[in-house]
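Asker: Let me begin by handing over the structure; questions about it come next.
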Amino acid sequence: MGRATAETAETAGTPDDPDYLKHSAEVVRDHLAAATELDTFLEDAGTLTLEQRTLLVDQALVLLEQNYVHLPLKIAMHAVNPVQRLRLIRRQLEQQTPATMPPEWIFHSEMSKVFNSVRDLHTNYQLPAPFAKKIAFLPFLVEETTDGPEPRFLVTLVMQGFSAPGFEPGAEITHWSGVPIGQAVELNAGRFAGGNVAARRSRGIESLTVRSLSAHLPPFEEWVTVSYLGTDGVQRELRVFWKIVDVFGEQAGPDGEEALVLGVDYESEEISRAKVMLYVPHVIEQQQAVAAGESPRSAAGEIASTMPEVFTARSVETPSGNFGHIRIHTFMVPDSRAFVDEFVRLIGTLPQNGLIVDVRDNGGGSVWAAERTLQTLTARHITPESFQFINTPLNLRICRSSGQLDPWVPSMEQAVETGATFSAALPLTPEDLANEKGQQYFGPVVLVTNARCYSATDMFAAGFQDHRIGTVLGTDDNTGAGGANVWEQGDFLADFPLASSPYRPLPNGAGMRVSIRRSLRVGDRSGTPLEDLGVVPDVRHRMTRRDLLEGNADLLARAGELLAAQPVRELNIANVARADGALRLRLTTANIDRVDVYLDRRPGASVDVPDGQADVTVPGATAARSVRVEGYAVGELVASRTMPL
């Protein structure tokens, strides 16, 4: 479940201002009032000329044939040939005239089918005006519960102002426009580009009621007929019309060097913002308050954050105890350092005996933000994931044109002789940035994932698992399996000026994106690609009715069980003093039997310690500028602290 969830609705509460929710609803009321019904919206759609259609096909050919890093994998795994399909569309355009060319929606449908055929949410065709930055929505959300013998589909949220008898959270959908709901989900899932079955099914459910028109054609039906078993036990039918509205706001991404190391599913970002607008508008009010320089406010039970659209932090009571819970809704942030700092601040206010990090429905964003966060949860040294280009003459020209890409050039030049398919595998996140802050949380950690975790979130989950930080608890069989760095077609124009460049500006606000560098895992799974495979959780939890309607009650209880079974470590440097050229440390420890002390990264002492307080003296500390204390339990590194002197 995303930012707009039953969990959010349950905990939204009413802050100190009694008119809080009323005022936040007013922020989007006028915006939603401008929503139009589907038939009205489509009256003005379709202005591309034949030449503009040809340009779009030609640019797609450049991206998929010469830049697309996953092309060999996709041809093998999905038995598709997107390049040949584009050539066929190009040939058909040559045989058309402005008078004989088919309606524009047919052209968009063919282009979308080509991009969707590779089942890669990084590599997509973005429809031009009037579809760009629009969403189609129905006024409720549907989610799946699998705690019975058969999957069931429940209404979990309903927009304010929409009502029907018995149609409220808990109502069960049985048919969708006459089709049994399970079959309707499968048919819908076939339209979407998720790289594995779990990802496609998850998208199929979500898109029942909300769709990004930047990535998909509008629904073919003007309305849907929903058959449902109401909360009053009565079977009914309901006709609901699709509406179209602009996506509210835009999540700011990074600039400069970090702008080219994004791993994000832009469609998920749009849908996430749409859900906030439709179901939890108070988050928009929080964002506006922070942007205006006011102190951050929060809903009842939550810790106020300077990034309310990014984090939700709170304590949760489970049958196994009270634990911290932090939801990371997105990694799409302008500053990865500020992101990590706010994450550290928030987890520092939560219980220190166990932490649930929840990244469900997070479509990714800054790879730096994702990989720099891992260090705060572990004593282990973080090795960032490595990335490869596909070796083509055009990609080599691009890498030669940018100093930022120099490290990949030698291997790509060598490939001219060796015929290697891919370049060297090198990290996007500098290793020193991935380890500069060090461990900040010492209790056990559980990571909660689902099939809508994508891109940088896939990488975060992979790094969490590969560095053995804690248990991955998944509500689906895989994460979304987006294993790449994504560039927009406009990035090639703006950032890599080439002589005789093959790239051209796209008409009418159209867009295209492509996976430019593929990611490879580290640790025990070193060299395994993330694309199409994703991260398989260590423990699987099937979402229950209580999860959907009672704030993830069973999911959090399962996470609490996993946390309670793990030891809570403590390693604090209580006091530091210099005397006679030595450094004297007073340490507070728990569930640690040995500490090693390093001065300026050089070994200084190794001492067995009991739980409680221990004094350690390290000679040769006259000129030392930093101290690092590493704690071990039965020979395994389990905690570390670093501080300047």
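The way I read the labels, and the way they are meant: chains A, B, ... in the order of the structure tokens, residue 1 as the first residue of every chain, and ligand 1 as the first ligand shown, with later ones counted on from there.
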Just asking: which residues within segment 464-546 of chain A are helix (DSSP H, G or I) according to DSSP, as a PyMOL selection string?
Answerer: chain A and resi 464-466+489-495+507-509+523-525+545-546
Asker: Skipping near chain neighbours, those fewer than 4 positions away, what residues fall within 12 Å of Glu258 of chain A using only C-alpha atoms, listed as a PyMOL selection string?
Answerer: chain A and resi 253-254+262-263+332-337+365-369+404+428-430+485+487
Asker: With C-alpha atoms retained, write the just-selected residues as a tab-separated table (two decimals), in the first residue's frame.
Answerer:
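The resulting file, out-v8.tsv, is shown below:
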```tsv
chain	number	residue	atom	x	y	z
A	253	GLY	CA	14.82	15.55	-8.00
A	254	PRO	CA	18.54	16.28	-7.74
A	262	LEU	CA	18.58	8.31	-10.86
A	263	GLY	CA	16.83	4.99	-10.59
A	332	MET	CA	13.23	11.12	-5.27
A	333	VAL	CA	14.84	14.01	-3.38
A	334	PRO	CA	16.97	16.99	-4.42
A	335	ASP	CA	19.73	16.34	-1.87
A	336	SER	CA	20.80	12.84	-0.81
A	337	ARG	CA	22.82	14.17	2.14
A	365	GLY	CA	14.65	8.07	-7.09
A	366	SER	CA	18.20	9.00	-6.20
A	367	VAL	CA	20.53	6.00	-6.17
A	368	TRP	CA	22.83	8.00	-3.91
A	369	ALA	CA	20.05	8.57	-1.36
A	404	GLN	CA	31.70	12.20	-15.29
A	428	LEU	CA	27.37	5.09	-9.28
A	429	THR	CA	27.58	5.94	-5.58
A	430	PRO	CA	31.13	6.89	-4.49
A	485	ASN	CA	19.97	3.84	-14.03
A	487	TRP	CA	17.91	8.63	-18.45
```
Asker: With a distance cut-off of 12 Å and only C-alpha atoms, select the neighbouring residues of Phe220 of chain A, excluding the residue or stretch itself and same-chain residues fewer than 5 positions from it, and output the selection as a PyMOL selection string.
Answerer: chain A and resi 38-39+42+105-106+109+136+241-242
Asker: Write out the residues from the selection above, keeping all heavy atoms, as a tab-separated table (two decimals), in the first residue's frame.
Answerer:
```tsv
chain	number	residue	atom	x	y	z
A	38	LEU	N	-14.04	11.49	-18.93
A	38	LEU	CA	-13.18	10.97	-19.97
A	38	LEU	C	-13.62	11.40	-21.37
A	38	LEU	O	-12.79	11.82	-22.19
A	38	LEU	CB	-13.13	9.44	-19.88
A	38	LEU	CG	-12.25	8.71	-20.89
A	38	LEU	CD1	-10.81	9.17	-20.79
A	38	LEU	CD2	-12.35	7.20	-20.66
A	39	ASP	N	-14.92	11.33	-21.66
A	39	ASP	CA	-15.36	11.66	-23.01
A	39	ASP	C	-15.09	13.12	-23.35
A	39	ASP	O	-14.71	13.46	-24.47
A	39	ASP	CB	-16.84	11.33	-23.19
A	39	ASP	CG	-17.74	12.06	-22.19
A	39	ASP	OD1	-17.22	12.55	-21.18
A	39	ASP	OD2	-18.96	12.11	-22.44
A	42	LEU	N	-11.26	13.62	-24.09
A	42	LEU	CA	-10.79	13.06	-25.36
A	42	LEU	C	-11.21	13.87	-26.58
A	42	LEU	O	-10.68	13.68	-27.67
A	42	LEU	CB	-11.28	11.62	-25.51
A	42	LEU	CG	-10.65	10.61	-24.54
A	42	LEU	CD1	-11.29	9.23	-24.73
A	42	LEU	CD2	-9.15	10.53	-24.72
A	105	TRP	N	-4.66	7.87	-31.30
A	105	TRP	CA	-4.61	6.92	-30.20
A	105	TRP	C	-4.10	5.57	-30.66
A	105	TRP	O	-3.47	4.84	-29.87
A	105	TRP	CB	-5.98	6.79	-29.52
A	105	TRP	CG	-7.05	6.07	-30.31
A	105	TRP	CD1	-7.98	6.62	-31.12
A	105	TRP	CD2	-7.27	4.66	-30.33
A	105	TRP	NE1	-8.78	5.65	-31.67
A	105	TRP	CE2	-8.38	4.44	-31.19
A	105	TRP	CE3	-6.66	3.56	-29.71
A	105	TRP	CZ2	-8.88	3.16	-31.45
A	105	TRP	CZ3	-7.16	2.29	-29.96
A	105	TRP	CH2	-8.25	2.09	-30.82
A	106	ILE	N	-4.35	5.22	-31.94
A	106	ILE	CA	-3.83	3.95	-32.46
A	106	ILE	C	-2.31	4.01	-32.55
A	106	ILE	O	-1.61	3.04	-32.20
A	106	ILE	CB	-4.46	3.64	-33.83
A	106	ILE	CG1	-5.96	3.37	-33.68
A	106	ILE	CG2	-3.76	2.44	-34.49
A	106	ILE	CD1	-6.67	3.06	-34.97
A	109	SER	N	-0.97	3.71	-29.11
A	109	SER	CA	-1.14	2.33	-28.65
A	109	SER	C	-0.02	1.45	-29.18
A	109	SER	O	0.55	0.63	-28.43
A	109	SER	CB	-2.50	1.80	-29.10
A	109	SER	OG	-2.66	0.45	-28.72
A	136	ALA	N	-5.91	9.42	-14.76
A	136	ALA	CA	-7.31	8.99	-14.79
A	136	ALA	C	-7.59	8.29	-13.47
A	136	ALA	O	-6.77	7.49	-13.00
A	136	ALA	CB	-7.56	8.06	-15.97
A	241	PHE	N	-17.82	6.69	-13.17
A	241	PHE	CA	-17.21	7.29	-14.35
A	241	PHE	C	-15.75	7.65	-14.09
A	241	PHE	O	-15.41	8.17	-13.02
A	241	PHE	CB	-17.98	8.55	-14.77
A	241	PHE	CG	-19.31	8.27	-15.39
A	241	PHE	CD1	-20.42	7.97	-14.61
A	241	PHE	CD2	-19.46	8.27	-16.77
A	241	PHE	CE1	-21.65	7.70	-15.18
A	241	PHE	CE2	-20.69	8.00	-17.36
A	241	PHE	CZ	-21.79	7.71	-16.57
A	242	TRP	N	-14.91	7.36	-15.09
A	242	TRP	CA	-13.53	7.81	-15.03
A	242	TRP	C	-13.48	9.33	-15.11
A	242	TRP	O	-14.25	9.95	-15.85
A	242	TRP	CB	-12.73	7.24	-16.21
A	242	TRP	CG	-12.35	5.81	-16.06
A	242	TRP	CD1	-12.96	4.74	-16.64
A	242	TRP	CD2	-11.24	5.28	-15.30
A	242	TRP	NE1	-12.33	3.57	-16.29
A	242	TRP	CE2	-11.26	3.87	-15.47
A	242	TRP	CE3	-10.26	5.84	-14.50
A	242	TRP	CZ2	-10.33	3.04	-14.86
A	242	TRP	CZ3	-9.33	5.01	-13.89
A	242	TRP	CH2	-9.36	3.63	-14.08
```
Asker: Just list the residues in segment 108-163 of chain A DSSP gives strand (DSSP E or B) on the backbone, as a list in words.
Answerer: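 Result set for segment 108-163 of chain A (strand (DSSP E or B)): Asn124, Tyr125, Gln126, Lys134, Ile135, Ala136, Phe137, Phe140, Leu141, Val142, Glu143, Glu144, Thr145, Arg152, Phe153, Leu154, Val155, Thr156, Leu157 and Val158 of chain A.
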Asker: Would you put the residues from that selection into a file with C-alpha atoms, as a PDB file, in the first residue's frame?
Answerer:
```pdb
ATOM      1  CA  ASN A 124       8.884   3.846 -21.567  1.00  0.00           C
ATOM      2  CA  TYR A 125       7.078   5.994 -24.056  1.00  0.00           C
ATOM      3  CA  GLN A 126       5.467   9.104 -22.567  1.00  0.00           C
ATOM      4  CA  LYS A 134      -2.565  13.707 -16.381  1.00  0.00           C
ATOM      5  CA  ILE A 135      -4.076  10.905 -14.333  1.00  0.00           C
ATOM      6  CA  ALA A 136      -7.307   8.994 -14.786  1.00  0.00           C
ATOM      7  CA  PHE A 137      -9.001   7.978 -11.549  1.00  0.00           C
ATOM      8  CA  PHE A 140     -11.706   4.599  -4.468  1.00  0.00           C
ATOM      9  CA  LEU A 141      -8.801   2.176  -4.051  1.00  0.00           C
ATOM     10  CA  VAL A 142      -8.891  -1.609  -4.335  1.00  0.00           C
ATOM     11  CA  GLU A 143      -6.345  -3.954  -2.731  1.00  0.00           C
ATOM     12  CA  GLU A 144      -5.889  -7.697  -2.483  1.00  0.00           C
ATOM     13  CA  THR A 145      -5.996  -9.911   0.581  1.00  0.00           C
ATOM     14  CA  ARG A 152     -10.258 -11.331  -2.378  1.00  0.00           C
ATOM     15  CA  PHE A 153     -10.316  -7.690  -3.416  1.00  0.00           C
ATOM     16  CA  LEU A 154     -11.442  -5.086  -0.927  1.00  0.00           C
ATOM     17  CA  VAL A 155     -12.175  -1.390  -1.087  1.00  0.00           C
ATOM     18  CA  THR A 156      -9.615   0.210   1.238  1.00  0.00           C
ATOM     19  CA  LEU A 157     -10.075   3.961   0.721  1.00  0.00           C
ATOM     20  CA  VAL A 158     -12.901   6.106  -0.643  1.00  0.00           C
TER      21      VAL A 158
END
```
Asker: Using only C-alpha atoms for the distances, tell me which of A:Arg601, A:Arg400, A:His31, A:Arg625 is nearest to Leu583 of chain A.
Answerer: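 Of A:Arg601, A:Arg400, A:His31, A:Arg625, the one nearest Leu583 of chain A, counting only C-alpha atoms, is A:Arg625.
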Asker: I need the residue nearest Ala45 of chain A from this list: A:Pro128, A:Pro98, A:Gly527, A:Pro502. Use only C-alpha atoms for the distance.
Answerer: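 Between A:Pro128, A:Pro98, A:Gly527, A:Pro502, the residue approaching Ala45 of chain A most closely is A:Pro128.
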Asker: Pick out the closest residue to Leu138 of chain A from this set: A:Glu436, A:Glu206, A:Asp477, A:Asp611. Count only C-alpha atoms.
Answerer: A:Glu206
Asker: What separation in Å, quoted to one decimal, exists between atom CA of Ala559 of chain A and atom CA of Pro351 of chain A?
Answerer: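 Atom CA of Ala559 of chain A sits 14.4 Å away from atom CA of Pro351 of chain A.
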Asker: Of the candidates A:Asn478, A:Gln160, A:Thr642, A:Asn353, which one gets nearest to Asn572 of chain A if we count only C-alpha atoms?
Answerer: A:Thr642
Asker: Go through A:Val344, A:Leu208, A:Val446, A:Ala499 and flag the residue nearest Ile398 of chain A, using only C-alpha atoms for the distances.
Answerer: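 Of A:Val344, A:Leu208, A:Val446, A:Ala499, the one nearest Ile398 of chain A is A:Ala499, counting only C-alpha atoms.
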Asker: I'd like to know which of A:Glu431, A:Asp255, A:Glu37, A:Glu65 is closest to Glu222 of chain A, using only C-alpha atoms.
Answerer: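 That would be A:Glu37, the residue with the smallest distance to Glu222 of chain A.
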Asker: Please compute the atom CA of Thr622 of chain A-atom CA of Val576 of chain A distance, one decimal, in Å.
Answerer: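 Here the two named atoms are 13.2 Å from each other.
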Asker: If we count only C-alpha atoms, what is near Ala184 of chain A at a cut-off of 10 Å, once residues fewer than 5 positions away on the same chain are taken out, given as a list in words?
Answerer: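 What passes the distance filter is His175, Trp176, Ser177, Gly178, Val179, Ala189, Gly204, Ile205 and Leu208 of chain A.
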Asker: What is the atom CA of Asn552 of chain A to atom CA of Thr330 of chain A distance in Å?
Answerer: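 Answer for the atom CA of Asn552 of chain A to atom CA of Thr330 of chain A separation: 19.4 Å.
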Asker: Skip Gln566 of chain A itself and residues of its chain fewer than 3 positions away, then list as a ChimeraX atom specification all residues within 12 Å of it, counting only C-alpha atoms.
Answerer: /A:320,353-355,442-446,469-471,559-563,569,591,638
Asker: Residues of the last selection are to be written out with all heavy atoms, as a short mmCIF file (atom, residue, chain, number, x, y, z; two decimals), in the first residue's frame.
Answerer:
```
data_model
loop_
_atom_site.label_atom_id
_atom_site.label_comp_id
_atom_site.auth_asym_id
_atom_site.auth_seq_id
_atom_site.Cartn_x
_atom_site.Cartn_y
_atom_site.Cartn_z
N SER A 320 4.65 -8.35 20.24
CA SER A 320 6.02 -8.67 20.67
C SER A 320 6.73 -7.49 21.30
O SER A 320 7.90 -7.61 21.70
CB SER A 320 6.82 -9.17 19.47
OG SER A 320 6.23 -10.30 18.89
N ASN A 353 15.10 -0.46 20.31
CA ASN A 353 15.16 -1.92 20.47
C ASN A 353 14.75 -2.68 19.21
O ASN A 353 14.78 -3.91 19.18
CB ASN A 353 14.26 -2.36 21.61
CG ASN A 353 12.80 -2.00 21.35
OD1 ASN A 353 12.50 -0.85 21.01
ND2 ASN A 353 11.90 -2.94 21.52
N GLY A 354 14.39 -1.96 18.15
CA GLY A 354 14.02 -2.62 16.91
C GLY A 354 13.35 -1.64 15.96
O GLY A 354 12.56 -0.80 16.39
N LEU A 355 13.66 -1.77 14.67
CA LEU A 355 13.18 -0.79 13.68
C LEU A 355 12.61 -1.53 12.47
O LEU A 355 13.23 -2.44 11.92
CB LEU A 355 14.34 0.10 13.23
CG LEU A 355 14.02 1.18 12.19
CD1 LEU A 355 13.07 2.23 12.77
CD2 LEU A 355 15.31 1.84 11.71
N PHE A 442 21.38 0.73 16.32
CA PHE A 442 22.06 -0.46 16.81
C PHE A 442 21.11 -1.60 17.17
O PHE A 442 21.56 -2.69 17.50
CB PHE A 442 22.94 -0.09 18.00
CG PHE A 442 24.07 0.82 17.62
CD1 PHE A 442 23.88 2.19 17.56
CD2 PHE A 442 25.30 0.31 17.27
CE1 PHE A 442 24.91 3.04 17.17
CE2 PHE A 442 26.34 1.14 16.89
CZ PHE A 442 26.14 2.51 16.82
N GLY A 443 19.83 -1.34 17.11
CA GLY A 443 18.88 -2.41 17.32
C GLY A 443 18.70 -3.22 16.04
O GLY A 443 19.19 -2.86 14.97
N PRO A 444 18.00 -4.36 16.10
CA PRO A 444 17.73 -5.15 14.90
C PRO A 444 16.81 -4.38 13.95
O PRO A 444 16.02 -3.52 14.39
CB PRO A 444 17.07 -6.41 15.45
CG PRO A 444 16.47 -5.99 16.75
CD PRO A 444 17.39 -4.94 17.32
N VAL A 445 16.90 -4.70 12.67
CA VAL A 445 16.13 -4.00 11.64
C VAL A 445 15.46 -5.03 10.74
O VAL A 445 16.06 -6.03 10.35
CB VAL A 445 17.02 -3.08 10.79
CG1 VAL A 445 16.17 -2.27 9.81
CG2 VAL A 445 17.85 -2.15 11.67
N VAL A 446 14.19 -4.77 10.40
CA VAL A 446 13.45 -5.55 9.41
C VAL A 446 13.07 -4.62 8.27
O VAL A 446 12.62 -3.49 8.51
CB VAL A 446 12.19 -6.20 10.03
CG1 VAL A 446 11.25 -6.70 8.95
CG2 VAL A 446 12.58 -7.34 10.95
N ILE A 469 22.05 -6.89 6.64
CA ILE A 469 21.68 -5.90 7.65
C ILE A 469 20.57 -6.43 8.54
O ILE A 469 20.53 -6.16 9.74
CB ILE A 469 21.27 -4.57 6.97
CG1 ILE A 469 22.51 -3.96 6.26
CG2 ILE A 469 20.70 -3.59 7.96
CD1 ILE A 469 22.19 -2.75 5.41
N GLY A 470 19.62 -7.17 7.96
CA GLY A 470 18.51 -7.70 8.72
C GLY A 470 17.64 -8.57 7.82
O GLY A 470 18.04 -8.95 6.72
N THR A 471 16.46 -8.85 8.28
CA THR A 471 15.53 -9.70 7.56
C THR A 471 14.71 -8.88 6.57
O THR A 471 14.19 -7.82 6.92
CB THR A 471 14.58 -10.42 8.53
OG1 THR A 471 15.36 -11.19 9.44
CG2 THR A 471 13.62 -11.33 7.79
N ALA A 559 6.48 -8.50 11.72
CA ALA A 559 7.77 -7.80 11.81
C ALA A 559 8.24 -7.72 13.25
O ALA A 559 9.44 -7.89 13.54
CB ALA A 559 7.63 -6.39 11.21
N GLY A 560 7.30 -7.48 14.18
CA GLY A 560 7.67 -7.44 15.59
C GLY A 560 8.21 -8.77 16.09
O GLY A 560 9.17 -8.81 16.88
N GLU A 561 7.62 -9.87 15.64
CA GLU A 561 8.14 -11.20 16.01
C GLU A 561 9.59 -11.36 15.56
O GLU A 561 10.43 -11.88 16.31
CB GLU A 561 7.29 -12.29 15.37
CG GLU A 561 5.90 -12.44 15.93
CD GLU A 561 5.09 -13.48 15.16
OE1 GLU A 561 5.68 -14.13 14.27
OE2 GLU A 561 3.89 -13.63 15.45
N LEU A 562 9.88 -10.94 14.33
CA LEU A 562 11.25 -11.07 13.81
C LEU A 562 12.22 -10.20 14.59
O LEU A 562 13.36 -10.62 14.85
CB LEU A 562 11.26 -10.70 12.33
CG LEU A 562 10.45 -11.61 11.40
CD1 LEU A 562 10.35 -11.00 10.01
CD2 LEU A 562 11.09 -13.00 11.32
N LEU A 563 11.79 -9.00 14.96
CA LEU A 563 12.67 -8.11 15.72
C LEU A 563 12.91 -8.64 17.13
O LEU A 563 14.05 -8.61 17.63
CB LEU A 563 12.06 -6.71 15.79
CG LEU A 563 12.01 -5.92 14.49
CD1 LEU A 563 11.21 -4.63 14.67
CD2 LEU A 563 13.42 -5.60 13.98
N ARG A 569 21.86 -4.52 20.27
CA ARG A 569 23.24 -4.16 20.58
C ARG A 569 23.30 -2.73 21.11
O ARG A 569 22.46 -1.89 20.79
CB ARG A 569 24.11 -4.23 19.32
CG ARG A 569 23.89 -5.45 18.45
CD ARG A 569 24.48 -6.70 19.02
NE ARG A 569 24.28 -7.83 18.10
CZ ARG A 569 24.62 -9.08 18.37
NH1 ARG A 569 25.18 -9.38 19.54
NH2 ARG A 569 24.40 -10.05 17.50
N ASN A 591 25.53 -6.87 24.55
CA ASN A 591 25.56 -7.97 23.58
C ASN A 591 26.75 -7.86 22.63
O ASN A 591 26.66 -8.15 21.44
CB ASN A 591 24.25 -8.03 22.79
CG ASN A 591 23.10 -8.54 23.64
OD1 ASN A 591 23.20 -9.58 24.28
ND2 ASN A 591 22.02 -7.77 23.68
N VAL A 638 29.31 -6.49 14.67
CA VAL A 638 27.89 -6.23 14.88
C VAL A 638 27.58 -4.77 15.19
O VAL A 638 26.41 -4.37 15.19
CB VAL A 638 27.33 -7.12 16.00
CG1 VAL A 638 27.36 -8.59 15.60
CG2 VAL A 638 28.08 -6.91 17.32
#
```
